[in-house]
file structure18.txt (compact mmCIF, C-alpha atoms)
# COMPACT_ATOMS: atom_id res chain seq x y z
CA CYS A 1 -116.51 -130.16 -87.99
CA LEU A 2 -115.67 -126.51 -87.46
CA HIS A 3 -118.60 -124.48 -86.17
CA GLU A 4 -117.04 -121.03 -85.65
CA LYS A 5 -113.74 -119.31 -84.89
CA GLN A 6 -113.29 -117.54 -81.53
CA GLY A 7 -110.15 -115.42 -81.75
CA GLU A 8 -107.26 -117.86 -82.13
CA ASP A 9 -109.47 -120.76 -80.98
CA PHE A 10 -112.11 -122.81 -82.80
CA LEU A 11 -115.49 -124.04 -81.57
CA LEU A 12 -116.45 -127.42 -83.01
CA THR A 13 -119.98 -128.61 -83.75
CA SER A 14 -119.56 -130.91 -80.75
CA ASP A 15 -119.25 -127.75 -78.57
CA ARG A 16 -115.60 -128.54 -77.83
CA LEU A 17 -113.19 -125.62 -77.92
CA VAL A 18 -109.83 -126.33 -79.55
CA SER A 19 -106.64 -124.40 -80.16
CA LEU A 20 -104.88 -124.82 -83.50
CA ILE A 21 -101.09 -124.71 -83.73
CA GLU A 22 -99.36 -124.84 -87.16
CA ARG A 23 -95.73 -125.57 -87.82
CA PRO A 24 -93.91 -125.99 -91.20
CA LEU A 25 -92.07 -129.23 -92.02
CA SER A 26 -89.13 -127.26 -93.45
CA PRO A 27 -87.11 -128.15 -95.42
CA ASP A 28 -89.67 -130.80 -96.47
CA PRO A 29 -93.02 -129.67 -97.95
CA GLY A 30 -96.13 -129.76 -95.80
CA ARG A 31 -97.25 -128.51 -92.37
CA ILE A 32 -97.97 -130.03 -88.96
CA LEU A 33 -101.38 -129.22 -87.47
CA LEU A 34 -101.80 -129.71 -83.70
CA LEU A 35 -105.28 -129.49 -82.18
CA LEU A 36 -105.48 -129.01 -78.40
CA ASP A 37 -108.77 -129.47 -76.55
CA ILE A 38 -108.92 -126.42 -74.25
CA THR A 39 -112.60 -126.69 -73.31
CA GLN A 40 -111.99 -127.42 -69.64
CA THR A 41 -109.16 -124.92 -69.37
CA ARG A 42 -111.33 -122.14 -70.77
CA GLU A 43 -114.19 -123.08 -68.43
CA LEU A 44 -111.82 -122.85 -65.47
CA GLN A 45 -110.59 -119.44 -66.69
CA GLN A 46 -114.14 -118.15 -67.02
CA ARG A 47 -114.99 -119.47 -63.55
CA LEU A 48 -111.92 -117.75 -62.09
CA GLU A 49 -112.79 -114.46 -63.83
CA ARG A 50 -116.32 -114.67 -62.44
CA GLN A 51 -114.98 -115.24 -58.91
CA GLN A 52 -112.65 -112.28 -59.33
CA ARG A 53 -115.55 -110.07 -60.43
CA LEU A 54 -117.62 -111.21 -57.45
CA GLY A 55 -114.68 -110.53 -55.17
CA ALA A 56 -114.24 -107.05 -56.62
CA MET A 57 -117.95 -106.38 -56.15
CA GLY A 58 -117.74 -107.55 -52.55
CA GLU A 59 -114.75 -105.31 -51.87
CA MET A 60 -116.49 -102.36 -53.52
CA SER A 61 -119.60 -102.94 -51.38
CA ALA A 62 -117.48 -103.11 -48.23
CA ARG A 63 -115.69 -99.89 -49.17
CA LEU A 64 -118.99 -98.13 -49.81
CA ALA A 65 -120.39 -99.32 -46.46
CA HIS A 66 -117.27 -98.06 -44.72
CA GLN A 67 -117.47 -94.68 -46.46
CA ILE A 68 -121.10 -93.94 -45.60
CA ARG A 69 -121.08 -95.26 -42.01
CA THR A 70 -119.98 -91.99 -40.38
CA PRO A 71 -122.23 -89.57 -42.34
CA LEU A 72 -125.13 -91.97 -41.74
CA ALA A 73 -124.48 -91.87 -37.98
CA SER A 74 -124.43 -88.06 -38.14
CA ALA A 75 -127.69 -87.95 -40.10
CA LEU A 76 -129.37 -90.25 -37.57
CA LEU A 77 -128.19 -88.08 -34.67
CA TYR A 78 -129.42 -84.85 -36.24
CA THR A 79 -132.74 -86.50 -37.14
CA SER A 80 -133.24 -87.65 -33.54
CA HIS A 81 -132.70 -84.08 -32.34
CA LEU A 82 -135.51 -82.85 -34.59
CA SER A 83 -138.11 -84.65 -32.43
CA ARG A 84 -137.26 -82.56 -29.36
CA ASP A 85 -139.95 -80.14 -28.19
CA ASP A 86 -137.53 -77.60 -26.75
CA LEU A 87 -135.87 -76.68 -30.05
CA THR A 88 -136.05 -73.14 -31.33
CA SER A 89 -136.82 -72.57 -34.99
CA SER A 90 -133.17 -71.67 -35.68
CA GLN A 91 -131.93 -74.84 -33.96
CA ARG A 92 -134.41 -76.96 -35.88
CA ALA A 93 -133.31 -75.37 -39.15
CA ARG A 94 -129.63 -75.95 -38.27
CA PHE A 95 -130.17 -79.64 -37.43
CA SER A 96 -132.24 -80.10 -40.59
CA GLY A 97 -129.49 -78.51 -42.67
CA HIS A 98 -126.79 -80.72 -41.12
CA CYS A 99 -128.91 -83.84 -41.68
CA LEU A 100 -129.60 -82.92 -45.31
CA ALA A 101 -125.91 -82.21 -45.91
CA ARG A 102 -124.90 -85.63 -44.59
CA LEU A 103 -127.55 -87.41 -46.69
CA ARG A 104 -126.40 -85.55 -49.81
CA HIS A 105 -122.83 -86.51 -49.04
CA MET A 106 -123.84 -90.19 -48.90
CA GLU A 107 -125.71 -89.82 -52.19
CA ARG A 108 -122.60 -88.36 -53.84
CA GLN A 109 -120.44 -91.15 -52.43
CA ILE A 110 -122.76 -93.78 -53.89
CA ASN A 111 -122.90 -92.02 -57.26
CA ASP A 112 -119.11 -91.75 -57.40
CA MET A 113 -118.74 -95.44 -56.51
CA LEU A 114 -121.14 -96.37 -59.33
CA ILE A 115 -119.17 -94.19 -61.75
CA PHE A 116 -115.97 -95.90 -60.62
CA ALA A 117 -117.54 -99.35 -61.08
CA ARG A 118 -118.44 -98.43 -64.66
CA GLY A 119 -114.87 -97.32 -65.33
CA GLY A 120 -115.68 -93.60 -65.28
CA GLN A 121 -113.58 -90.80 -63.85
CA PHE A 122 -114.16 -88.72 -60.74
CA GLN A 123 -114.77 -85.06 -61.45
CA THR A 124 -111.68 -83.08 -60.44
CA GLU A 125 -111.79 -79.55 -59.12
CA ALA A 126 -109.87 -77.14 -56.90
CA VAL A 127 -110.83 -78.04 -53.32
CA ASP A 128 -110.48 -75.76 -50.28
CA LEU A 129 -109.03 -77.91 -47.49
CA SER A 130 -110.03 -75.37 -44.82
CA ALA A 131 -113.70 -75.65 -45.84
CA LEU A 132 -113.33 -79.42 -46.00
CA LEU A 133 -111.88 -79.39 -42.48
CA THR A 134 -114.90 -77.46 -41.21
CA GLU A 135 -117.26 -80.03 -42.71
CA LEU A 136 -115.14 -82.83 -41.24
CA VAL A 137 -115.52 -81.37 -37.74
CA GLN A 138 -119.32 -81.28 -38.13
CA THR A 139 -119.33 -84.90 -39.32
CA LEU A 140 -117.24 -86.05 -36.35
CA GLU A 141 -119.48 -84.56 -33.64
CA PRO A 142 -121.44 -87.78 -32.86
CA ALA A 143 -118.32 -89.98 -32.72
CA LEU A 144 -116.49 -87.47 -30.50
CA GLY A 145 -119.40 -87.44 -28.06
CA GLU A 146 -119.60 -91.22 -27.90
CA ARG A 147 -115.93 -91.54 -26.92
CA SER A 148 -115.80 -88.36 -24.79
CA THR A 149 -112.90 -87.21 -26.97
CA ARG A 150 -111.87 -83.59 -27.26
CA LEU A 151 -110.96 -82.23 -30.68
CA GLN A 152 -108.17 -79.73 -31.25
CA VAL A 153 -108.00 -78.22 -34.74
CA GLN A 154 -105.14 -76.03 -35.93
CA ASP A 155 -105.37 -74.40 -39.36
CA THR A 156 -102.41 -72.24 -40.41
CA SER A 157 -103.32 -72.12 -44.11
CA ASP A 158 -104.87 -68.62 -44.02
CA GLY A 159 -107.61 -69.89 -46.34
CA LYS A 160 -105.12 -70.63 -49.13
CA ALA A 161 -105.11 -74.45 -48.91
CA LEU A 162 -106.29 -75.36 -52.41
CA VAL A 163 -105.61 -78.81 -53.86
CA TYR A 164 -106.89 -80.69 -56.92
CA GLY A 165 -109.22 -83.63 -56.40
CA ASN A 166 -112.78 -84.80 -56.00
CA ARG A 167 -114.32 -83.05 -53.02
CA ASP A 168 -116.35 -85.97 -51.70
CA ALA A 169 -113.52 -88.47 -52.23
CA LEU A 170 -111.16 -86.20 -50.27
CA LEU A 171 -113.72 -85.69 -47.50
CA GLY A 172 -114.23 -89.44 -47.29
CA ALA A 173 -110.47 -89.93 -46.93
CA LEU A 174 -110.26 -87.35 -44.13
CA ILE A 175 -113.22 -88.96 -42.35
CA ASN A 176 -111.48 -92.33 -42.52
CA LEU A 177 -108.27 -90.88 -41.06
CA ALA A 178 -110.15 -89.14 -38.25
CA ASN A 179 -112.17 -92.26 -37.46
CA ASN A 180 -109.01 -94.35 -37.40
CA ALA A 181 -107.46 -91.92 -34.91
CA LEU A 182 -110.61 -91.99 -32.77
CA GLU A 183 -110.87 -95.78 -32.75
CA HIS A 184 -107.22 -96.29 -31.80
CA GLY A 185 -106.92 -93.28 -29.51
CA ARG A 186 -107.50 -93.12 -25.78
CA GLU A 187 -111.16 -92.78 -24.76
CA GLY A 188 -111.58 -89.41 -23.09
CA GLY A 189 -108.38 -88.20 -24.73
CA VAL A 190 -107.61 -85.62 -27.39
CA LEU A 191 -107.69 -85.91 -31.17
CA LYS A 192 -105.49 -83.31 -32.86
CA ILE A 193 -105.91 -82.28 -36.50
CA ARG A 194 -103.48 -79.79 -38.03
CA LEU A 195 -103.52 -78.21 -41.50
CA CYS A 196 -100.30 -76.46 -42.48
CA PRO A 197 -98.18 -75.67 -45.55
CA GLY A 198 -95.21 -77.83 -46.49
CA GLN A 199 -92.51 -77.08 -49.07
CA GLN A 200 -94.57 -77.97 -52.16
CA GLU A 201 -97.75 -79.32 -50.61
CA TRP A 202 -100.45 -78.91 -47.98
CA GLU A 203 -100.15 -81.28 -45.03
CA LEU A 204 -102.88 -82.62 -42.77
CA ASP A 205 -101.83 -84.33 -39.53
CA PHE A 206 -104.12 -86.60 -37.49
CA SER A 207 -102.67 -87.33 -34.04
CA ASP A 208 -104.11 -89.63 -31.37
CA GLU A 209 -103.05 -90.52 -27.82
CA GLY A 210 -103.37 -94.27 -28.23
CA PRO A 211 -100.91 -97.10 -27.59
CA GLY A 212 -99.17 -96.69 -30.94
CA ILE A 213 -98.75 -99.22 -33.75
CA PRO A 214 -96.77 -102.37 -32.88
CA GLU A 215 -93.63 -102.78 -34.95
CA HIS A 216 -94.73 -106.11 -36.46
CA LEU A 217 -98.00 -104.60 -37.79
CA ARG A 218 -96.65 -101.41 -39.37
CA ALA A 219 -96.01 -102.94 -42.79
CA ARG A 220 -99.60 -104.18 -43.04
CA ILE A 221 -101.80 -101.30 -41.88
CA PHE A 222 -102.53 -100.17 -45.46
CA ASP A 223 -103.35 -103.68 -46.72
CA PRO A 224 -107.00 -104.14 -47.80
CA PHE A 225 -109.12 -106.05 -45.26
CA PHE A 226 -106.37 -106.04 -42.62
CA THR A 227 -107.74 -104.98 -39.22
CA THR A 228 -107.06 -105.56 -35.54
CA ARG A 229 -110.67 -104.87 -34.54
CA SER A 230 -113.36 -107.55 -34.52
CA ASP A 231 -115.94 -105.13 -35.99
CA GLY A 232 -113.59 -103.50 -38.51
CA THR A 233 -113.66 -103.90 -42.28
CA GLY A 234 -109.93 -103.30 -42.75
CA LEU A 235 -110.63 -100.93 -45.62
CA GLY A 236 -110.32 -97.50 -44.01
CA LEU A 237 -106.63 -96.83 -44.54
CA SER A 238 -106.45 -98.67 -47.87
CA VAL A 239 -109.28 -96.45 -49.16
CA VAL A 240 -107.38 -93.39 -47.94
CA LEU A 241 -104.15 -94.55 -49.59
CA GLY A 242 -105.92 -95.14 -52.91
CA THR A 243 -107.53 -91.68 -52.83
CA VAL A 244 -104.28 -89.95 -51.88
CA ARG A 245 -102.36 -91.64 -54.69
CA THR A 246 -105.09 -90.81 -57.19
CA TYR A 247 -104.44 -87.12 -56.59
CA ASN A 248 -100.62 -87.40 -56.51
CA GLY A 249 -100.47 -87.11 -52.74
CA ALA A 250 -98.36 -88.89 -50.14
CA LEU A 251 -99.24 -90.65 -46.89
CA HIS A 252 -96.98 -91.61 -44.00
CA PHE A 253 -97.18 -92.12 -40.25
CA ASP A 254 -95.06 -91.76 -37.13
CA SER A 255 -95.90 -93.95 -34.15
CA THR A 256 -94.37 -94.12 -30.66
CA PRO A 257 -95.34 -97.03 -28.35
CA GLY A 258 -97.41 -95.78 -25.44
CA GLN A 259 -97.65 -92.22 -26.78
CA GLY A 260 -99.78 -92.39 -29.91
CA THR A 261 -99.66 -92.15 -33.68
CA THR A 262 -99.62 -89.28 -36.16
CA VAL A 263 -100.77 -89.94 -39.71
CA THR A 264 -99.83 -87.25 -42.23
CA VAL A 265 -101.42 -86.83 -45.65
CA ALA A 266 -99.93 -84.36 -48.12
CA PHE A 267 -101.40 -83.03 -51.37
CA PRO A 268 -99.62 -80.94 -54.04
CA LEU A 269 -100.41 -77.24 -54.19
CA ALA A 270 -103.12 -76.24 -56.67
CA ASP A 271 -102.30 -73.33 -58.98
CA GLY A 272 -104.68 -72.00 -61.63
CA PRO A 273 -107.94 -73.57 -62.83
CA ALA A 274 -108.88 -77.17 -61.98
CA ARG A 275 -107.38 -79.88 -64.14
CA GLU A 276 -109.49 -82.70 -65.57

call {"tool": "encode", "arguments": {"input": "structure18.txt", "output": "structure tokens"}}
result
Amino acid sequence: CLHEKQGEDFLLTSDRLVSLIERPLSPDPGRILLLLDITQTRELQQRLERQQRLGAMGEMSARLAHQIRTPLASALLYTSHLSRDDLTSSQRARFSGHCLARLRHMERQINDMLIFARGGQFQTEAVDLSALLTELVQTLEPALGERSTRLQVQDTSDGKALVYGNRDALLGALINLANNALEHGREGGVLKIRLCPGQQEWELDFSDEGPGIPEHLRARIFDPFFTTRSDGTGLGLSVVLGTVRTYNGALHFDSTPGQGTTVTVAFPLADGPARE
């Protein structure tokens, strides 16, 4: 007996789910009714959808962990400095401010990830890349010290580098690019970051002095979860690529074996008020 209809399918009183197909007997009168038991098929579909949701949640959690790792390290470093007895009041205030800024950045990252998980949109605004670059340098200080890496920053934008996007999403992308350059660069070497105007966009270059990207790996470096490091998540560059594409940007790299790699991210020029 029919219990209820579920879309184009029918649930019987025996809890079996069936699909009904009707065909006319033309030119003769009457119709053919074909009932297909799809109970097991539907259960397998639901199980697959559940696994896909769990997989998406796992990937989202890994992305979030990757995004907040660097600002968390910075916050821990600044907090450890606060326990020193030789700090002046201005130094203590500066370290406290840096620590608070990093914690607020992590809070915004988590909030944005939750909005994304619920299908919401990131708030878009006009973002000053020069100011973002300054904050990036502050965030990188602990990692630079750990690897004894010198940082060279060149900004030829004259304070005019405005692009449309979400500020924290863009900062997270730049942090990922800088971390990638640090991790694959030469310890004790130089990390170069350059902000300059292109023809119709603003370009940011991240250059390391590492061994370069092997030819057979170049097609895979933006794949999610692909990594050559035992402690890596493989999400850094895929997160960057997703952010860049969200804001109509472009991403490419140039790598020379034994000399290093330059990753360039470009964002369209922003003119007028921010677009939603």

call {"tool": "atom_distance", "arguments": {"input": "structure18.txt", "atom1": "atom CA of A:Arg92", "atom2": "atom CA of A:Thr79"}}
result
9.8 Å

call {"tool": "closest_residue", "arguments": {"input": "structure18.txt", "among": "A:Gln67, A:Ser61, A:Ser157, A:Gln138", "to": "A:Glu107", "atoms": "only C-alpha atoms"}}
result
A:Gln67

call {"tool": "atom_distance", "arguments": {"input": "structure18.txt", "atom1": "atom CA of A:Ala266", "atom2": "atom CA of A:Ala161"}}
result
11.2 Å

call {"tool": "residues_around", "arguments": {"input": "structure18.txt", "residues": "A:Asn179", "least_positions_apart": "5", "cutoff": "9 Å", "atoms": "only C-alpha atoms", "output": "ChimeraX atom specification"}}
result
/A:70,140,143,174,184,236

call {"tool": "closest_residue", "arguments": {"input": "structure18.txt", "among": "A:Pro268, A:Pro211, A:Gly172, A:Gly258", "to": "A:Leu237", "atoms": "all atoms listed in the file"}}
result
A:Gly172

call {"tool": "atom_distance", "arguments": {"input": "structure18.txt", "atom1": "atom CA of A:Phe206", "atom2": "atom CA of A:Thr262"}}
result
5.4 Å

call {"tool": "closest_residue", "arguments": {"input": "structure18.txt", "among": "A:Leu269, A:Ala173, A:Leu217, A:Ala178", "to": "A:Pro197", "atoms": "all atoms listed in the file"}}
result
A:Leu269

call {"tool": "residues_around", "arguments": {"input": "structure18.txt", "residues": "A:Ile175", "least_positions_apart": "6", "cutoff": "10 Å", "atoms": "all atoms listed in the file", "output": "ChimeraX atom specification"}}
result
/A:67-68,70-71,133,135-137,139-140,169,181,236,240

call {"tool": "write_last_selection", "arguments": {"input": "structure18.txt", "atoms": "C-alpha atoms", "output": "compact mmCIF listing (two decimals), in the coordinates of the input"}}
result
# COMPACT_ATOMS: atom_id res chain seq x y z
CA GLN A 67 -117.47 -94.68 -46.46
CA ILE A 68 -121.10 -93.94 -45.60
CA THR A 70 -119.98 -91.99 -40.38
CA PRO A 71 -122.23 -89.57 -42.34
CA LEU A 133 -111.88 -79.39 -42.48
CA GLU A 135 -117.26 -80.03 -42.71
CA LEU A 136 -115.14 -82.83 -41.24
CA VAL A 137 -115.52 -81.37 -37.74
CA THR A 139 -119.33 -84.90 -39.32
CA LEU A 140 -117.24 -86.05 -36.35
CA ALA A 169 -113.52 -88.47 -52.23
CA ALA A 181 -107.46 -91.92 -34.91
CA GLY A 236 -110.32 -97.50 -44.01
CA VAL A 240 -107.38 -93.39 -47.94

call {"tool": "axis_aligned_box", "arguments": {"input": "structure18.txt", "around": "stretch 167-177 of chain A", "padding_each_side": "5 Å", "output": "JSON"}}
result
{"center_x": -112.3, "center_y": -87.7, "center_z": -47.0, "size_x": 18.1, "size_y": 19.3, "size_z": 22.0}

call {"tool": "closest_residue", "arguments": {"input": "structure18.txt", "among": "A:Leu195, A:Leu76, A:Thr243, A:Asp254", "to": "A:Glu215", "atoms": "all atoms listed in the file"}}
result
A:Asp254

call {"tool": "closest_residue", "arguments": {"input": "structure18.txt", "among": "A:Val263, A:Leu82, A:Leu77, A:Leu144", "to": "A:Leu204", "atoms": "only C-alpha atoms"}}
result
A:Val263

call {"tool": "closest_residue", "arguments": {"input": "structure18.txt", "among": "A:Thr256, A:Thr149, A:Thr124, A:Gln45", "to": "A:Asp168", "atoms": "only C-alpha atoms"}}
result
A:Thr124
